[in-house]
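Here the structure comes first, spelled out in structure tokens, and everything after it is commentary.
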Amino acid sequence: MAGDPDIATTAKMVVALAQAGVDIVELGVPFSEPIADGPVIQRSGERALRSGANLPRILQMVRDIRQESPVPLLLFSYLNPVLRYGFERFAADAVASGADGALITDLSVEEAGPYVSQMRRQGLDTVFLAAPTSTDQRLKRVAELSTGFVYAIARAGVTGAREQLSAAAAPLLGRLRAATSLPLAVGFGISRPEHLTELAPLADGVVVGSALVRCLEEHQQDPVPHVADFARWLREGFKTQRHEPIHKSPIHKS
């Protein structure tokens, strides 16, 4: 969440995450009514709003990050801030800042035409969400409008770390494989290295939000090294394929 605890710290965190080996960083734009998010990210958005984070400041932060890191950056927002900013202006300013694309969580594929048109004009990726409840026809439309990758929602409901993966993830990924050749990233509920191990044969990437934000929340005074260590710990999930042990979480000692 950009701006939690403040813009300057977020920029440092992005660079640290890139150095920890993450492939893409999603930068959340805080919004006062985050209907798709659970309590952890809701609290993060509230802290970011109190710190003064908004879309113009976040775009400037992207420019600053680009001075230090080439890591791909995906703006992650609800529709309202982008709609008020204006699709044409948003796309132009996003590409000028160095962003690589955006995901608008509550923008339906049926109403996405004007937004997608402006993003395509600027060469920016548009990522859309695919849910376990989506029909095959809707999955096809999601795939048609997505570039970069398709975001598969592993479970119905709001964001939030879970101990166990949802049984809905594998069938959804199989249906998406039949609909698109784009890379598939799966999110919602992923919080442990074991989850990465389980998903590695099925997906091209995993999206981890709440677990990272919870780590940040538990280390508000100095979150950057802790969040980077957590990202490294998560990536150990792939080591089990080489029969290496998984260590305990850096934020859950017991």
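Ordered as shown in the structure tokens, chains take letters A, B, and onward, while each chain numbers its residues from 1 and ligands are numbered from 1 in the order shown.
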Next on the checklist: From a backbone DSSP assignment, name each residue in stretch 98-158 of chain A labelled alpha helix (DSSP H), as a list in words.
Outcome noted: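 Everything in stretch 98-158 of chain A that counts as alpha helix (DSSP H) is Gly113, Pro114, Tyr115, Val116, Ser117, Gln118, Met119, Arg120, Arg121, Asp136, Gln137, Arg138, Leu139, Lys140, Arg141, Val142, Ala143, Glu144 and Leu145 of chain A.
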Item to check | Residue neighbourhood stretch 180-185 of chain A, 9 Å, only C-alpha atoms, exclusion window fewer than 2 positions, as an MDAnalysis selection string | outcome: chainID A and resid 139:140 143:144 146:153 173 176:178 187 202:207
Checklist entry - Near A:Val109, within 12 Å and counting only C-alpha atoms, which residues show up once chain neighbours fewer than 5 positions away are dropped, as a count of residues only? => result 21
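The protein and nucleic acid residues lying at most 9 Å from A:Asp229 are Leu17, Ala20, Val224, Pro225, His226, Arg232, Trp233, Leu234 and Pro250 of chain A, with only C-alpha atoms considered and sequence neighbours fewer than 3 positions away removed.
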Checklist entry - Rounded to one decimal in Å, what is the spacing between atom CA of A:Val62 and atom CA of A:Ala154? => result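 Computed distance, atom CA of A:Val62 to atom CA of A:Ala154, equals 28.7 Å.
The closest residue to A:Arg63, picked from A:Ala11, A:Val29, A:Ala91, A:Val22 and counting only C-alpha atoms, is A:Ala11.
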Next on the checklist: Rounded to one decimal, what separation in Å do you get between atom CA of A:Val25 and atom CA of A:Thr135?
Outcome noted: 28.9 Å
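DSSP secondary structure from the backbone places Val25, Glu26, Leu27, Gly28, Leu73, Leu74, Leu75, Phe76, Ser77, Gly101, Ala102, Leu103, Ile104, Asp125, Thr126, Val127, Leu129, Ala130, Val150, Tyr151, Ala152, Ile153, Leu184, Ala185, Val186, Gly187, Gly205, Val206 and Val207 of chain A of stretch 19-242 of chain A in strand (DSSP E).
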Could the residues in this selection be written to a file with N, CA and C atoms, as a tab-separated table (two decimals), in the first residue's frame?
```
chain	number	residue	atom	x	y	z
A	25	VAL	N	6.26	-5.49	-8.36
A	25	VAL	CA	5.70	-4.88	-7.15
A	25	VAL	C	4.39	-4.19	-7.52
A	26	GLU	N	3.33	-4.55	-6.82
A	26	GLU	CA	2.06	-3.84	-6.95
A	26	GLU	C	2.05	-2.68	-5.95
A	27	LEU	N	1.73	-1.50	-6.45
A	27	LEU	CA	1.63	-0.32	-5.59
A	27	LEU	C	0.17	0.03	-5.41
A	28	GLY	N	-0.36	-0.22	-4.22
A	28	GLY	CA	-1.76	0.06	-3.96
A	28	GLY	C	-2.02	1.54	-3.81
A	73	LEU	N	6.52	-2.21	-12.08
A	73	LEU	CA	5.58	-1.62	-11.11
A	73	LEU	C	4.18	-1.60	-11.68
A	74	LEU	N	3.26	-2.22	-10.96
A	74	LEU	CA	1.86	-2.28	-11.36
A	74	LEU	C	1.04	-1.47	-10.38
A	75	LEU	N	0.38	-0.42	-10.86
A	75	LEU	CA	-0.49	0.38	-10.01
A	75	LEU	C	-1.77	-0.41	-9.74
A	76	PHE	N	-2.14	-0.47	-8.47
A	76	PHE	CA	-3.27	-1.31	-8.03
A	76	PHE	C	-4.28	-0.38	-7.37
A	77	SER	N	-5.44	-0.18	-8.00
A	77	SER	CA	-6.35	0.85	-7.52
A	77	SER	C	-7.80	0.42	-7.67
A	101	GLY	N	1.94	-0.64	-15.80
A	101	GLY	CA	0.55	-0.99	-16.05
A	101	GLY	C	-0.28	-0.76	-14.82
A	102	ALA	N	-1.52	-1.25	-14.86
A	102	ALA	CA	-2.42	-1.04	-13.74
A	102	ALA	C	-3.44	-2.17	-13.65
A	103	LEU	N	-3.94	-2.36	-12.45
A	103	LEU	CA	-5.05	-3.26	-12.18
A	103	LEU	C	-6.10	-2.47	-11.42
A	104	ILE	N	-7.28	-2.34	-11.99
A	104	ILE	CA	-8.38	-1.62	-11.35
A	104	ILE	C	-9.34	-2.68	-10.80
A	125	ASP	N	0.30	-2.07	-19.60
A	125	ASP	CA	-0.42	-3.32	-19.39
A	125	ASP	C	-1.70	-3.09	-18.59
A	126	THR	N	-2.70	-3.88	-18.91
A	126	THR	CA	-3.96	-3.87	-18.17
A	126	THR	C	-4.20	-5.28	-17.63
A	127	VAL	N	-4.20	-5.41	-16.32
A	127	VAL	CA	-4.41	-6.70	-15.67
A	127	VAL	C	-5.83	-6.73	-15.12
A	129	LEU	N	-9.01	-9.26	-13.16
A	129	LEU	CA	-9.21	-10.32	-12.19
A	129	LEU	C	-10.14	-11.40	-12.73
A	130	ALA	N	-9.78	-12.65	-12.46
A	130	ALA	CA	-10.61	-13.80	-12.81
A	130	ALA	C	-10.95	-14.53	-11.52
A	150	VAL	N	-2.74	-12.51	-16.22
A	150	VAL	CA	-4.09	-12.54	-15.68
A	150	VAL	C	-3.99	-12.85	-14.19
A	151	TYR	N	-4.75	-12.13	-13.40
A	151	TYR	CA	-4.75	-12.31	-11.94
A	151	TYR	C	-5.90	-13.25	-11.58
A	152	ALA	N	-5.57	-14.45	-11.14
A	152	ALA	CA	-6.57	-15.42	-10.73
A	152	ALA	C	-6.82	-15.30	-9.23
A	153	ILE	N	-8.07	-15.07	-8.85
A	153	ILE	CA	-8.45	-14.98	-7.44
A	153	ILE	C	-8.66	-16.40	-6.91
A	184	LEU	N	-0.17	-16.65	-15.77
A	184	LEU	CA	-1.21	-16.62	-14.75
A	184	LEU	C	-0.58	-16.40	-13.38
A	185	ALA	N	-1.08	-15.40	-12.66
A	185	ALA	CA	-0.66	-15.17	-11.29
A	185	ALA	C	-1.87	-15.38	-10.39
A	186	VAL	N	-1.66	-16.03	-9.27
A	186	VAL	CA	-2.77	-16.34	-8.37
A	186	VAL	C	-2.56	-15.64	-7.04
A	187	GLY	N	-3.63	-15.07	-6.50
A	187	GLY	CA	-3.57	-14.36	-5.23
A	187	GLY	C	-4.80	-14.59	-4.39
A	205	GLY	N	3.05	-17.23	-11.34
A	205	GLY	CA	3.42	-16.31	-10.28
A	205	GLY	C	2.38	-16.34	-9.18
A	206	VAL	N	2.75	-15.80	-8.03
A	206	VAL	CA	1.81	-15.65	-6.93
A	206	VAL	C	1.79	-14.19	-6.50
A	207	VAL	N	0.65	-13.76	-6.02
A	207	VAL	CA	0.47	-12.39	-5.54
A	207	VAL	C	0.27	-12.44	-4.03
```
Checklist outcome for this item: Pairwise distance, atom CA of A:Val227 with atom CA of A:Leu212, equals 6.3 Å
Next on the checklist: Which residues are near A:Pro72? Cut-off 8 Å, only C-alpha atoms, ignore same chain within fewer than 5 positions. Put them as a list in words.
Outcome noted: Asp23, Ile24, Val25, Ala99 and Asp100 of chain A
Next on the checklist: Using only C-alpha atoms for the distances, tell me which of A:Glu198, A:Asp106, A:Asp136, A:Asp4 is nearest to A:Leu79.
Outcome noted: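 Looking at the shortest contact to A:Leu79, the residue is A:Asp106.
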Checklist entry - Of the candidates A:Met119, A:Ala228, A:Leu83, A:Ala167, which shows the shortest atom-to-atom distance to A:Val213, using only C-alpha atoms? => result A:Ala228
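Minimum distance to A:Leu107 across A:Phe230, A:Tyr78, A:Phe188, A:Phe31 (counting only C-alpha atoms) occurs at A:Tyr78.
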Checklist entry - What's the 12 Å shell around A:Ile35, counting only C-alpha atoms, without same-chain residues fewer than 2 positions away, as an MDAnalysis selection string? => result chainID A and resid 30:33 37:39 41:42 45 77:79 105:106 157:159
